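Peer 1: Pasting a structure below so you can have a look.
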Amino acid sequence: MKCIMADPTGLCFGVRRAIDQLEEALEEHCRVYALGSPIHNPQEVGRLEKKGLEVVQSPQEVPEGGVVFIRAHGVPPEDLELLRGRRAHLVDGTCPFVRKAQEQARRLSQEGYFVVIVGDTDHPEVKGIRGHVEGNVTVINPALPVYTDFPPASRVGVVCQTTLREESLIKIVSHLLIRTEELRVCNTICRATVLRQDSVKKLSREVDGIIVMGGKNSANTHKLVQIVQNSGTPVQWIEQAEDLDWRWVEGKNTLGIAAGASTPDWLIHELHHILESSRLSKGMDG
Ligand code: F3S
């Protein structure tokens, strides 16, 4: 049995950077509070909790003077203000690409544009970007068929959730183009997600089955699974190596491995190790 890894796959730059910052903070302080889950992966959160991480849902839950980690999605400025009011020590893991989207949204509003954020209204990253707008703003979710909440505006500035698909941005921009006098578009899509999706699509044409590894709460991992399913290649979604169904692996000569953008390296290494051990014990070649 031969194993081929999707390339690129696994942790994106922003999440890797944020988790490194969090690890450093945990080494320095015995307790670090994360505003929202720092990564969509239960095994990694469990590992970090053992080192002193405590996940809270609001700034009010952070004790006075506590150490607070801001995850890669970023937060609205109001949350930062509340934390400063509690004299919290901030460890800011906001991804630089998310920060850029926040800054562009702010600049557009300062220049008098009606800001449209294309993305999922309830997503923390979108809430964070929205918080940086100083004037009129609305969020358009491309997954919804009608954009009823868009009021008439002559000057519209667009930014988007970093994980948005390009087709979705094009769809909304085309919709707005014929309804405004001036349209300014800041393409804030991050290529990390698109590249991971393209790599798994390519891999699905080369292998007999793909193991996709990642949290069941991870939207980007779910998307990878859907891409493989749509290709017709058998797929198994696991969170950790011990979840692997060996009957599914039987009879497959070439196996692909892909991981979501929030799957830590150590989980992928464990899977590699277990597959390699099984290959050696069965005396397989490849
Ligand atoms: Fe940042 Fe892109 Fe990852 S925006 S958090 S590098 S998906």
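Residues in the structure tokens are named by chain (A, B, ... in the order shown) and by number from 1 within that chain; ligands are numbered from 1 in the order shown.
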Taking only C-alpha atoms and all ligand atoms into account, which residues are within 6 Å of ligand 1, as a ChimeraX atom specification?

Peer 2: /A:12-15,72,95,97-98,162-163,190,192-193

Peer 1: List the spatial neighbours of Arg71 of chain A as a list in words - criterion: any atom at most 8 Å away, only C-alpha atoms, same-chain residues fewer than 3 positions off excluded.

Peer 2: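 Within the cut-off, the hits are Ala18, Ala34, Leu35, Gly36, Ser37, Pro38, Ile39, Gly74, Asp92, Gly93, Thr94 and Cys95 of chain A.
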
Peer 1: Limited to N, CA and C atoms, could you put the picked residues into a file as an mmCIF file, in the first residue's frame?

Peer 2:
data_model
loop_
_atom_site.group_PDB
_atom_site.id
_atom_site.type_symbol
_atom_site.label_atom_id
_atom_site.label_comp_id
_atom_site.auth_asym_id
_atom_site.auth_seq_id
_atom_site.Cartn_x
_atom_site.Cartn_y
_atom_site.Cartn_z
ATOM 1 N N ALA A 18 -0.808 31.368 15.064
ATOM 2 C CA ALA A 18 -1.581 31.661 16.284
ATOM 3 C C ALA A 18 -1.324 30.597 17.353
ATOM 4 N N ALA A 34 -8.671 31.770 26.286
ATOM 5 C CA ALA A 34 -8.873 31.997 24.850
ATOM 6 C C ALA A 34 -10.296 32.477 24.655
ATOM 7 N N LEU A 35 -10.425 33.553 23.886
ATOM 8 C CA LEU A 35 -11.755 34.084 23.585
ATOM 9 C C LEU A 35 -12.329 33.274 22.419
ATOM 10 N N GLY A 36 -13.142 32.277 22.707
ATOM 11 C CA GLY A 36 -13.613 31.342 21.694
ATOM 12 C C GLY A 36 -12.578 30.254 21.495
ATOM 13 N N SER A 37 -13.015 29.112 20.968
ATOM 14 C CA SER A 37 -12.102 27.979 20.779
ATOM 15 C C SER A 37 -10.933 28.392 19.864
ATOM 16 N N PRO A 38 -9.684 28.158 20.278
ATOM 17 C CA PRO A 38 -8.554 28.667 19.495
ATOM 18 C C PRO A 38 -8.357 27.951 18.155
ATOM 19 N N ILE A 39 -8.922 26.737 18.038
ATOM 20 C CA ILE A 39 -8.734 25.957 16.804
ATOM 21 C C ILE A 39 -9.891 24.950 16.723
ATOM 22 N N GLY A 74 -9.686 36.736 14.791
ATOM 23 C CA GLY A 74 -9.753 38.124 15.235
ATOM 24 C C GLY A 74 -11.024 38.407 16.025
ATOM 25 N N ASP A 92 -2.124 38.439 20.855
ATOM 26 C CA ASP A 92 -2.979 38.608 19.675
ATOM 27 C C ASP A 92 -2.565 37.680 18.535
ATOM 28 N N GLY A 93 -3.364 36.605 18.339
ATOM 29 C CA GLY A 93 -3.076 35.637 17.277
ATOM 30 C C GLY A 93 -3.856 35.926 16.003
ATOM 31 N N THR A 94 -4.438 37.130 15.892
ATOM 32 C CA THR A 94 -5.214 37.448 14.678
ATOM 33 C C THR A 94 -4.343 37.222 13.441
ATOM 34 N N CYS A 95 -4.855 36.454 12.488
ATOM 35 C CA CYS A 95 -4.100 36.184 11.265
ATOM 36 C C CYS A 95 -3.858 37.503 10.514
#

Peer 1: Enumerate, as a PyMOL selection string, the complete set of residues in segment 96-278 of chain A that a backbone-based DSSP assignment places in strand (DSSP E).

Peer 2: chain A and resi 114-118+137-140+155-160+182-185+209-213+235-238+254-259

Peer 1: Please produce a file of those selected residues containing N, CA and C atoms, as a short mmCIF file (atom, residue, chain, number, x, y, z; two decimals), in the first residue's frame.

Peer 2:
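Listing of result_21.cif after writing:
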data_model
loop_
_atom_site.label_atom_id
_atom_site.label_comp_id
_atom_site.auth_asym_id
_atom_site.auth_seq_id
_atom_site.Cartn_x
_atom_site.Cartn_y
_atom_site.Cartn_z
N PHE A 114 -20.43 52.62 1.65
CA PHE A 114 -21.31 51.71 2.36
C PHE A 114 -20.62 50.34 2.28
N VAL A 115 -20.26 49.78 3.42
CA VAL A 115 -19.44 48.56 3.39
C VAL A 115 -20.31 47.30 3.32
N VAL A 116 -19.99 46.46 2.36
CA VAL A 116 -20.65 45.14 2.25
C VAL A 116 -19.59 44.08 2.57
N ILE A 117 -19.89 43.26 3.56
CA ILE A 117 -18.99 42.14 3.86
C ILE A 117 -19.64 40.89 3.30
N VAL A 118 -18.96 40.19 2.42
CA VAL A 118 -19.53 38.96 1.85
C VAL A 118 -19.04 37.79 2.70
N VAL A 137 -22.92 49.50 7.25
CA VAL A 137 -22.36 48.18 6.91
C VAL A 137 -23.48 47.14 6.87
N THR A 138 -23.32 46.17 5.97
CA THR A 138 -24.21 45.02 5.98
C THR A 138 -23.38 43.79 5.60
N VAL A 139 -23.91 42.62 5.98
CA VAL A 139 -23.24 41.37 5.60
C VAL A 139 -24.14 40.66 4.59
N ILE A 140 -23.58 40.22 3.49
CA ILE A 140 -24.35 39.44 2.52
C ILE A 140 -23.81 38.03 2.52
N ARG A 155 -22.34 54.54 -3.31
CA ARG A 155 -20.92 54.15 -3.25
C ARG A 155 -20.78 52.94 -2.33
N VAL A 156 -20.40 51.83 -2.90
CA VAL A 156 -20.34 50.59 -2.12
C VAL A 156 -18.92 50.03 -2.14
N GLY A 157 -18.45 49.66 -0.97
CA GLY A 157 -17.13 49.03 -0.85
C GLY A 157 -17.29 47.61 -0.34
N VAL A 158 -16.62 46.67 -0.98
CA VAL A 158 -16.79 45.25 -0.64
C VAL A 158 -15.49 44.66 -0.05
N VAL A 159 -15.65 43.93 1.02
CA VAL A 159 -14.57 43.05 1.52
C VAL A 159 -15.22 41.68 1.75
N CYS A 160 -14.42 40.65 1.96
CA CYS A 160 -15.06 39.36 2.18
C CYS A 160 -14.35 38.53 3.23
N GLU A 182 -20.93 53.48 -7.85
CA GLU A 182 -19.49 53.22 -7.70
C GLU A 182 -19.31 51.99 -6.83
N LEU A 183 -18.52 51.05 -7.32
CA LEU A 183 -18.30 49.82 -6.57
C LEU A 183 -16.80 49.59 -6.42
N ARG A 184 -16.35 49.50 -5.17
CA ARG A 184 -14.92 49.24 -4.96
C ARG A 184 -14.79 47.89 -4.26
N VAL A 185 -14.02 46.99 -4.84
CA VAL A 185 -13.92 45.63 -4.31
C VAL A 185 -12.51 45.36 -3.79
N GLY A 209 -8.64 5.74 -2.48
CA GLY A 209 -9.47 6.24 -1.37
C GLY A 209 -8.70 7.33 -0.65
N ILE A 210 -9.43 8.22 0.01
CA ILE A 210 -8.76 9.31 0.74
C ILE A 210 -9.22 9.33 2.20
N ILE A 211 -8.25 9.41 3.09
CA ILE A 211 -8.57 9.64 4.51
C ILE A 211 -8.46 11.15 4.73
N VAL A 212 -9.57 11.75 5.15
CA VAL A 212 -9.53 13.17 5.48
C VAL A 212 -9.52 13.29 7.00
N MET A 213 -8.51 13.98 7.52
CA MET A 213 -8.38 14.08 8.96
C MET A 213 -8.69 15.50 9.42
N VAL A 235 -14.12 7.92 0.64
CA VAL A 235 -13.49 8.81 1.61
C VAL A 235 -13.85 8.37 3.03
N GLN A 236 -12.89 8.52 3.92
CA GLN A 236 -13.16 8.26 5.33
C GLN A 236 -12.73 9.50 6.11
N TRP A 237 -13.64 10.04 6.92
CA TRP A 237 -13.35 11.25 7.71
C TRP A 237 -13.05 10.82 9.13
N ILE A 238 -11.85 11.08 9.59
CA ILE A 238 -11.50 10.72 10.96
C ILE A 238 -10.94 11.94 11.70
N THR A 254 -3.48 2.34 -3.27
CA THR A 254 -2.95 3.69 -3.08
C THR A 254 -3.95 4.50 -2.28
N LEU A 255 -3.44 5.05 -1.18
CA LEU A 255 -4.32 5.77 -0.25
C LEU A 255 -3.88 7.23 -0.18
N GLY A 256 -4.83 8.14 -0.25
CA GLY A 256 -4.50 9.57 -0.12
C GLY A 256 -4.78 10.03 1.30
N ILE A 257 -4.01 11.02 1.75
CA ILE A 257 -4.26 11.60 3.07
C ILE A 257 -4.37 13.12 2.91
N ALA A 258 -5.43 13.66 3.49
CA ALA A 258 -5.60 15.12 3.48
C ALA A 258 -6.04 15.55 4.86
N ALA A 259 -5.77 16.79 5.20
CA ALA A 259 -6.15 17.27 6.53
C ALA A 259 -6.67 18.69 6.44
#

Peer 1: Skip segment 246-248 of chain A itself and residues of its chain fewer than 2 positions away, then list as a list in words all residues within 10 Å of it, counting only C-alpha atoms.

Peer 2: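 Everything that qualifies: Gly209, Pro234, Val235, Gln236, Glu242, Asp243, Leu244, Glu250, Gly251, Lys252, Leu275 and Ser278 of chain A.
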
Peer 1: Which residues of segment 24-100 of chain A come within 10 Å of segment 218-231 of chain A, and for each one, what is the closest pair of atoms and their distance in Å to one decimal, counting only C-alpha atoms, sorted by chain and residue number, as JSON lines?

Peer 2:
{"residue": "A:Ile39", "atom": "CA", "partner": "A:Ser218", "partner_atom": "CA", "distance": 8.8}
{"residue": "A:His40", "atom": "CA", "partner": "A:Ser218", "partner_atom": "CA", "distance": 5.2}
{"residue": "A:Asn41", "atom": "CA", "partner": "A:Ser218", "partner_atom": "CA", "distance": 6.9}
{"residue": "A:Pro42", "atom": "CA", "partner": "A:Ser218", "partner_atom": "CA", "distance": 9.6}

Peer 1: Looking at only C-alpha atoms, which of A:Arg107, A:Arg84, A:His269, A:Arg165 is the one that sits closest to Asp120 of chain A?

Peer 2: A:Arg165

Peer 1: Identify, on the basis of only C-alpha atoms, every residue whose closest approach to His89 of chain A does not exceed 10 Å; exclude the query and any residue fewer than 5 positions from it along the same chain; express the result as an MDAnalysis selection string.

Peer 2: chainID A and resid 32 64:69 83:84

Peer 1: Keeping only C-alpha atoms, write the selected residues to a file as an mmCIF file, in the first residue's frame.

Peer 2:
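Generated output (part-v3.cif):
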data_model
loop_
_atom_site.group_PDB
_atom_site.id
_atom_site.type_symbol
_atom_site.label_atom_id
_atom_site.label_comp_id
_atom_site.auth_asym_id
_atom_site.auth_seq_id
_atom_site.Cartn_x
_atom_site.Cartn_y
_atom_site.Cartn_z
ATOM 1 C CA VAL A 32 -4.277 31.518 29.456
ATOM 2 C CA GLU A 64 -8.957 41.052 36.039
ATOM 3 C CA GLY A 65 -5.362 41.039 34.784
ATOM 4 C CA GLY A 66 -5.711 37.624 33.057
ATOM 5 C CA VAL A 67 -3.736 36.569 29.989
ATOM 6 C CA VAL A 68 -6.027 36.415 26.939
ATOM 7 C CA PHE A 69 -5.368 34.796 23.597
ATOM 8 C CA LEU A 83 -10.432 43.315 27.741
ATOM 9 C CA ARG A 84 -8.265 46.406 28.197
#

Peer 1: Which value, in Å to one decimal, gives the distance between atom CA of Ser58 of chain A and atom CA of His132 of chain A?

Peer 2: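 Interatomic distance here is 18.0 Å.
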
Peer 1: So what do you get for atom CA of Glu54 of chain A versus atom CA of Leu267 of chain A, distance-wise?

Peer 2: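 Result for atom CA of Glu54 of chain A versus atom CA of Leu267 of chain A: 21.4 Å, one decimal.
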
Peer 1: Could you check the closest approach to Pro59 of chain A for each of A:Cys3, A:Leu90, A:Val45, A:Leu271 and tell me which residue wins, using only C-alpha atoms?

Peer 2: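 With only C-alpha atoms as the atom set, the closest residue is A:Leu90.
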
Peer 1: Name the closest residue to Asp198 of chain A among the candidates A:Glu23, A:Gln104, A:Glu239, A:Thr9; distances are taken between atoms, counting only C-alpha atoms.

Peer 2: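 Checking each candidate against Asp198 of chain A, we get A:Thr9 as the closest.
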
Peer 1: If you run DSSP on the backbone here, which positions in segment 45-268 of chain A get alpha helix (DSSP H)? Please write them as a ChimeraX atom specification.

Peer 2: /A:45-50,77-85,96-110,124-131,166-177,191-203,219-231,246-249,265-268

Peer 1: Which is closer to Leu177 of chain A than all the others in A:Arg191, A:Ser154, A:Gly46, A:Glu24, using only C-alpha atoms?

Peer 2: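 For Leu177 of chain A, the nearest of the candidates is A:Ser154.
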
Peer 1: If you count only C-alpha atoms, which residues fall within 10 Å of Gln102 of chain A, apart from same-chain ones fewer than 6 positions away, as a list in words?

Peer 2: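 So, after excluding close chain neighbours, the residues are Gly74, Val75, Pro76, Pro96, Glu125, Val126, Gly128, Ile129, Arg130, Gly131, His132, Val133, Val159, Cys160, Gln161 and Thr188 of chain A.
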
Peer 1: Find the residue from A:Glu28, A:Asp79, A:Glu103, A:Glu276 that sits nearest to Cys186 of chain A; use only C-alpha atoms when measuring.

Peer 2: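 Comparing A:Glu28, A:Asp79, A:Glu103, A:Glu276 against Cys186 of chain A, the winner is A:Glu103.
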
Peer 1: Please identify all polymer residues within 12 Å of Pro145 of chain A, counting only C-alpha atoms, omitting same-chain residues fewer than 5 positions from it, and present them as a PDB file with C-alpha atoms, in the first residue's frame.

Peer 2:
ATOM      1  CA  ILE A 140     -24.349  39.444   2.524  1.00  0.00           C
ATOM      2  CA  SER A 168     -19.272  33.447  -4.336  1.00  0.00           C
ATOM      3  CA  LYS A 171     -21.695  36.272  -7.755  1.00  0.00           C
ATOM      4  CA  ILE A 172     -22.239  39.020  -5.176  1.00  0.00           C
ATOM      5  CA  HIS A 175     -25.271  41.505  -8.205  1.00  0.00           C
TER       6      HIS A 175
END

Peer 1: In Å, with one decimal, what is the gap from atom CA of Leu48 of chain A to atom CA of Asp245 of chain A?

Peer 2: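 One can read the atom CA of Leu48 of chain A to atom CA of Asp245 of chain A distance as 27.1 Å.
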